[in-house]
Amino acid sequence: MKNIFKISNIFGIGLLYILSGCHKDLDLYPTNDNTPEKVYSTIGGYDAAMAKVYGAMALTGNSGPAGSGDVSGDEGFSDFVRIFWNLQELSTDEAIVAWADVGLPDIHNHSYTSLNPFVRQFYRRCLFHVTLINEFIRESSDAKISERGFSAADADKIRLYRSEARLIRSFVYWALLDLYGNVPFITEADRVGTDLPRQGTRAEIFAYVEKELKELETTLVEPRTNIYGRFDRASVWALLARLYLNSEVYVQTNRYADALTYAKKVIDAGYSLHTNYRELMLADNNRITNEILFAVPYDGLRSKNYGGTTFLVNGSIGAPMVASDYGMSGTGWAGMRTTKGLVNLFTLGATPVDSSNFDYRAQFFTQGASLEINSVAAFADGYKVIKYRNLTSDGSRASNFAEAFSDIDFPLFRLPEMYLIYAECVKRGATNGDEATAVNYINAMRARAYRNDKYGNSNGQISTADLTLDFILDERGRELYWEGHRRTDLIRYDKFSGGAYLWPFKGGQRDGAPISDHLELYPIPSDDLVSNPNLKQNPGY
């Protein structure tokens, strides 16, 4: 599936709407002569167009690592995973960054405004992607397929592509719903190039994503039957579980029973935990299809960009670390660390890594580092997270060591998230599950974490008495850290805003300070507000 990056470049700029502003981000139309009639005249054209629909999650443009960017601004900052990660992790206790790029320190300090370039860049990336997908779906209608005279086999292939494109669009709209709330809303049914996009309410976007996903339950292929790097039915269930888990935040409605139902669908679909947690984020993690439902694929040779897992590895390396120990050349970018809020979730101290009572998920570089962060700009302040390592499971270098680009795929959905959703929903009152089953799921994760397979003991195991909501939040931190979940989790637990939970430099203060609840949503970028009078700013900005 990593050949997607070759095909995507073939697709060219026929559907690349390079955005210098956001005034009509959702209904742009190509002005060059590579028209839809040409692009979609053959099944190869559909293959290439679909490659771009998928590739837009891992590529920043058509040239890479820079040049012909999909959206305006610094192309290195425009990768979907990189900016999603920045907004989801740097705003929490799990990550802090030393770099002083305009707007970046404001994410962790919670001083972001509608002019913040990182807030704007993710918004643009998402709207670009929706535009791309809407056009693909228009050109994949049954009427278009019939009009172009495709064979029955090719017609079925295009219809499956259409379903997968709708799922990607649902994921993008979920991200917009989660991060921005009320956002521009347009689908393939809207006219192209005429009207400014209207603003959908959070409730409307929620209902739309739910409806799309429920319809896709029957049109996508069965779990684990698609080509690696393409969505199947399990990802529909996983996104529905995540959507319903946060329903009280999004639309003030309890949907925990529904979240549990869909998490259980994934759990029962034949997935299993990989034996070694520390292999989940290595350069050959594309082989772990038993646990990873879907990952954004990166390839150090074919998808060169300065985002994604290249960013996560290089950004976490700096002296006295040796970059080659993590599969990279050079000296690293010396940027990201974590705060003691994450570190304190684990039992560390003097316990050796291979001791039977050590949580093997704790992956920190501590040499020459202080746990306390006195200066955000000092890379030595704060432990380094070494969860992402551009080496294969046998210790070999990945495909592009020389240029320090990563082969690590970034998981969007993993089986343990479904275990944790099941457990949380039970504790929040869902009656279609039970605590004993929830404890079994958690203990399966913790057996791997404490290497019970190696030591044959029961360290790390819990009982039903230990299963509390706070324990589950902590366990989500231990299992899913640096995978883009933390901001959403803290908001759901009422620990993101206010002063119930403080972490270093929350609110811009060394020891943390309460922040306003309006910061639970990012602002609509100011340039879009100026150019589209249909939009209203989120409260508080």
# chains A, B, ... in the order shown; residues from 1 in each chain; ligands from 1

$ select_by_dssp --residues "range 125-219 of chain A" --states "alpha helix (DSSP H)" --output "MDAnalysis selection string"
chainID A and resid 125:138 142:147 152:180 202:216

$ residues_around --residues "range 516-520 of chain A" --least-positions-apart "4" --cutoff "9 Å" --atoms "only C-alpha atoms" --output "ChimeraX atom specification"
/A:110-112,179-180,487-488,491,496-498,538-541

$ residues_around --residues "Asn305 in chain A" --least-positions-apart "5" --cutoff "7 Å" --atoms "only C-alpha atoms" --output "list in words"
Leu59, Thr60, Gly64, Pro65, Ala66 and Gly76 of chain A

$ residues_around --residues "Ala423 in chain A" --least-positions-apart "2" --cutoff "9 Å" --atoms "only C-alpha atoms" --output "VMD selection string"
chain A and resid 260 418 to 421 425 to 428 433 to 435 437 to 439 441 to 442 467 469 472

$ residues_around --residues "range 331-335 of chain A" --least-positions-apart "5" --cutoff "10 Å" --atoms "only C-alpha atoms" --output "ChimeraX atom specification"
/A:96-100,311-324,326,376-380,384,404

$ closest_residue --among "A:Phe231, A:Tyr383, A:Tyr360, A:Trp503" --to "Ala447 in chain A" --atoms "only C-alpha atoms"
A:Tyr360

$ residues_around --residues "range 474-476 of chain A" --least-positions-apart "3" --cutoff "9 Å" --atoms "only C-alpha atoms" --output "list in words"
Leu342, Leu345, Pro416, Glu417, Leu420, Ile442, Leu469, Asp470, Phe471, Glu479, Leu480, Tyr481, His485, Arg486 and Asp489 of chain A

$ write_last_selection --atoms "N, CA and C atoms" --output "PDB file, in the first residue's frame"
ATOM      1  N   LEU A 342       2.830  13.071  32.786  1.00  0.00           N
ATOM      2  CA  LEU A 342       2.863  11.745  32.162  1.00  0.00           C
ATOM      3  C   LEU A 342       3.796  10.812  32.901  1.00  0.00           C
ATOM      4  N   LEU A 345       2.592   8.852  35.895  1.00  0.00           N
ATOM      5  CA  LEU A 345       1.622   7.767  35.724  1.00  0.00           C
ATOM      6  C   LEU A 345       2.292   6.402  35.825  1.00  0.00           C
ATOM      7  N   PRO A 416      -6.373  -1.689  21.959  1.00  0.00           N
ATOM      8  CA  PRO A 416      -6.482  -1.273  23.364  1.00  0.00           C
ATOM      9  C   PRO A 416      -7.407  -0.088  23.593  1.00  0.00           C
ATOM     10  N   GLU A 417      -7.509   0.821  22.624  1.00  0.00           N
ATOM     11  CA  GLU A 417      -8.463   1.920  22.789  1.00  0.00           C
ATOM     12  C   GLU A 417      -9.872   1.371  22.972  1.00  0.00           C
ATOM     13  N   LEU A 420     -10.349   0.086  26.452  1.00  0.00           N
ATOM     14  CA  LEU A 420     -10.498   1.186  27.393  1.00  0.00           C
ATOM     15  C   LEU A 420     -11.851   1.875  27.259  1.00  0.00           C
ATOM     16  N   ILE A 442      -8.588  -4.895  30.627  1.00  0.00           N
ATOM     17  CA  ILE A 442      -7.507  -4.063  31.170  1.00  0.00           C
ATOM     18  C   ILE A 442      -6.320  -4.939  31.589  1.00  0.00           C
ATOM     19  N   LEU A 469     -13.067   5.386  37.345  1.00  0.00           N
ATOM     20  CA  LEU A 469     -12.916   6.272  36.191  1.00  0.00           C
ATOM     21  C   LEU A 469     -11.539   6.915  36.172  1.00  0.00           C
ATOM     22  N   ASP A 470     -11.063   7.350  37.325  1.00  0.00           N
ATOM     23  CA  ASP A 470      -9.741   7.967  37.361  1.00  0.00           C
ATOM     24  C   ASP A 470      -8.653   6.970  36.965  1.00  0.00           C
ATOM     25  N   PHE A 471      -8.789   5.721  37.406  1.00  0.00           N
ATOM     26  CA  PHE A 471      -7.829   4.701  37.000  1.00  0.00           C
ATOM     27  C   PHE A 471      -7.844   4.535  35.485  1.00  0.00           C
ATOM     28  N   GLU A 479      -1.243   3.815  28.199  1.00  0.00           N
ATOM     29  CA  GLU A 479      -1.326   2.987  26.995  1.00  0.00           C
ATOM     30  C   GLU A 479      -1.262   3.799  25.709  1.00  0.00           C
ATOM     31  N   LEU A 480      -1.888   4.971  25.674  1.00  0.00           N
ATOM     32  CA  LEU A 480      -2.105   5.688  24.419  1.00  0.00           C
ATOM     33  C   LEU A 480      -1.327   6.996  24.313  1.00  0.00           C
ATOM     34  N   TYR A 481      -0.405   7.251  25.245  1.00  0.00           N
ATOM     35  CA  TYR A 481       0.272   8.544  25.218  1.00  0.00           C
ATOM     36  C   TYR A 481       0.993   8.778  23.890  1.00  0.00           C
ATOM     37  N   HIS A 485      -4.613  11.432  21.735  1.00  0.00           N
ATOM     38  CA  HIS A 485      -5.863  11.263  22.476  1.00  0.00           C
ATOM     39  C   HIS A 485      -6.017  12.206  23.679  1.00  0.00           C
ATOM     40  N   ARG A 486      -4.926  12.735  24.193  1.00  0.00           N
ATOM     41  CA  ARG A 486      -4.940  13.268  25.554  1.00  0.00           C
ATOM     42  C   ARG A 486      -5.852  14.478  25.738  1.00  0.00           C
ATOM     43  N   ASP A 489      -9.401  13.364  25.938  1.00  0.00           N
ATOM     44  CA  ASP A 489      -9.644  12.637  27.189  1.00  0.00           C
ATOM     45  C   ASP A 489      -9.788  13.588  28.370  1.00  0.00           C
TER      46      ASP A 489
END

$ closest_residue --among "A:Ala241, A:Val192, A:Ala402, A:Leu167" --to "Lys264 in chain A" --atoms "only C-alpha atoms"
A:Ala241

$ select_by_dssp --residues "range 350-410 of chain A" --states "strand (DSSP E or B)" --output "number ranges by chain"
A: 364-365, 370, 381, 384-385, 389, 391, 397, 410

$ closest_residue --among "A:Ser41, A:Val251, A:Ser163, A:Ile133" --to "Phe150 in chain A" --atoms "only C-alpha atoms"
A:Ser41

$ decode --residues "range 403-469 of chain A" --atoms "C-alpha atoms" --output "PDB file, in the first residue's frame"
ATOM      1  CA  GLU A 403      18.056  11.680   5.141  1.00  0.00           C
ATOM      2  CA  ALA A 404      16.399  10.894   8.491  1.00  0.00           C
ATOM      3  CA  PHE A 405      12.895  10.239   7.182  1.00  0.00           C
ATOM      4  CA  SER A 406      10.716   7.737   9.023  1.00  0.00           C
ATOM      5  CA  ASP A 407       9.074   4.455   7.991  1.00  0.00           C
ATOM      6  CA  ILE A 408       6.917   4.304  11.144  1.00  0.00           C
ATOM      7  CA  ASP A 409       3.185   4.252  10.462  1.00  0.00           C
ATOM      8  CA  PHE A 410       1.015   6.336  12.797  1.00  0.00           C
ATOM      9  CA  PRO A 411      -1.907   4.319  14.254  1.00  0.00           C
ATOM     10  CA  LEU A 412      -5.278   6.057  14.233  1.00  0.00           C
ATOM     11  CA  PHE A 413      -7.039   3.087  15.845  1.00  0.00           C
ATOM     12  CA  ARG A 414      -5.638   0.312  18.028  1.00  0.00           C
ATOM     13  CA  LEU A 415      -7.423  -2.510  19.829  1.00  0.00           C
ATOM     14  CA  PRO A 416      -6.482  -1.273  23.364  1.00  0.00           C
ATOM     15  CA  GLU A 417      -8.463   1.920  22.789  1.00  0.00           C
ATOM     16  CA  MET A 418     -11.545  -0.268  22.365  1.00  0.00           C
ATOM     17  CA  TYR A 419     -10.752  -2.132  25.588  1.00  0.00           C
ATOM     18  CA  LEU A 420     -10.498   1.186  27.393  1.00  0.00           C
ATOM     19  CA  ILE A 421     -13.712   2.530  25.859  1.00  0.00           C
ATOM     20  CA  TYR A 422     -15.539  -0.608  26.974  1.00  0.00           C
ATOM     21  CA  ALA A 423     -14.239  -0.215  30.534  1.00  0.00           C
ATOM     22  CA  GLU A 424     -15.003   3.496  30.748  1.00  0.00           C
ATOM     23  CA  CYS A 425     -18.526   3.047  29.441  1.00  0.00           C
ATOM     24  CA  VAL A 426     -19.219   0.355  32.043  1.00  0.00           C
ATOM     25  CA  LYS A 427     -18.058   2.712  34.795  1.00  0.00           C
ATOM     26  CA  ARG A 428     -20.158   5.514  33.347  1.00  0.00           C
ATOM     27  CA  GLY A 429     -23.296   3.408  33.611  1.00  0.00           C
ATOM     28  CA  ALA A 430     -23.652   1.452  30.375  1.00  0.00           C
ATOM     29  CA  THR A 431     -25.610  -1.665  31.296  1.00  0.00           C
ATOM     30  CA  ASN A 432     -24.768  -3.659  28.159  1.00  0.00           C
ATOM     31  CA  GLY A 433     -21.321  -4.509  29.545  1.00  0.00           C
ATOM     32  CA  ASP A 434     -19.957  -5.761  32.841  1.00  0.00           C
ATOM     33  CA  GLU A 435     -17.068  -4.929  35.139  1.00  0.00           C
ATOM     34  CA  ALA A 436     -15.570  -8.414  35.131  1.00  0.00           C
ATOM     35  CA  THR A 437     -15.163  -8.319  31.348  1.00  0.00           C
ATOM     36  CA  ALA A 438     -13.759  -4.789  31.541  1.00  0.00           C
ATOM     37  CA  VAL A 439     -11.195  -5.890  34.123  1.00  0.00           C
ATOM     38  CA  ASN A 440     -10.179  -8.803  31.909  1.00  0.00           C
ATOM     39  CA  TYR A 441      -9.547  -6.429  29.007  1.00  0.00           C
ATOM     40  CA  ILE A 442      -7.507  -4.063  31.170  1.00  0.00           C
ATOM     41  CA  ASN A 443      -5.527  -6.939  32.659  1.00  0.00           C
ATOM     42  CA  ALA A 444      -4.695  -8.266  29.195  1.00  0.00           C
ATOM     43  CA  MET A 445      -3.121  -4.898  28.396  1.00  0.00           C
ATOM     44  CA  ARG A 446      -1.322  -4.787  31.734  1.00  0.00           C
ATOM     45  CA  ALA A 447      -0.053  -8.357  31.393  1.00  0.00           C
ATOM     46  CA  ARG A 448       1.762  -7.220  28.281  1.00  0.00           C
ATOM     47  CA  ALA A 449       2.863  -3.987  29.954  1.00  0.00           C
ATOM     48  CA  TYR A 450       4.381  -5.801  32.939  1.00  0.00           C
ATOM     49  CA  ARG A 451       5.840  -8.587  30.791  1.00  0.00           C
ATOM     50  CA  ASN A 452       3.848 -11.300  32.505  1.00  0.00           C
ATOM     51  CA  ASP A 453       4.424 -13.393  29.401  1.00  0.00           C
ATOM     52  CA  LYS A 454       8.141 -13.269  30.292  1.00  0.00           C
ATOM     53  CA  TYR A 455       8.041 -13.502  34.062  1.00  0.00           C
ATOM     54  CA  GLY A 456       4.930 -15.574  34.638  1.00  0.00           C
ATOM     55  CA  ASN A 457       3.691 -13.440  37.510  1.00  0.00           C
ATOM     56  CA  SER A 458       0.635 -11.313  38.164  1.00  0.00           C
ATOM     57  CA  ASN A 459       2.250  -7.918  38.729  1.00  0.00           C
ATOM     58  CA  GLY A 460       0.188  -5.095  37.359  1.00  0.00           C
ATOM     59  CA  GLN A 461      -3.101  -7.015  37.483  1.00  0.00           C
ATOM     60  CA  ILE A 462      -6.149  -5.253  38.923  1.00  0.00           C
ATOM     61  CA  SER A 463      -9.450  -6.304  40.435  1.00  0.00           C
ATOM     62  CA  THR A 464     -12.934  -4.834  40.036  1.00  0.00           C
ATOM     63  CA  ALA A 465     -12.279  -2.737  43.140  1.00  0.00           C
ATOM     64  CA  ASP A 466      -9.417  -0.982  41.330  1.00  0.00           C
ATOM     65  CA  LEU A 467     -11.499  -0.147  38.263  1.00  0.00           C
ATOM     66  CA  THR A 468     -12.458   3.494  38.727  1.00  0.00           C
ATOM     67  CA  LEU A 469     -12.916   6.272  36.191  1.00  0.00           C
TER      68      LEU A 469
END
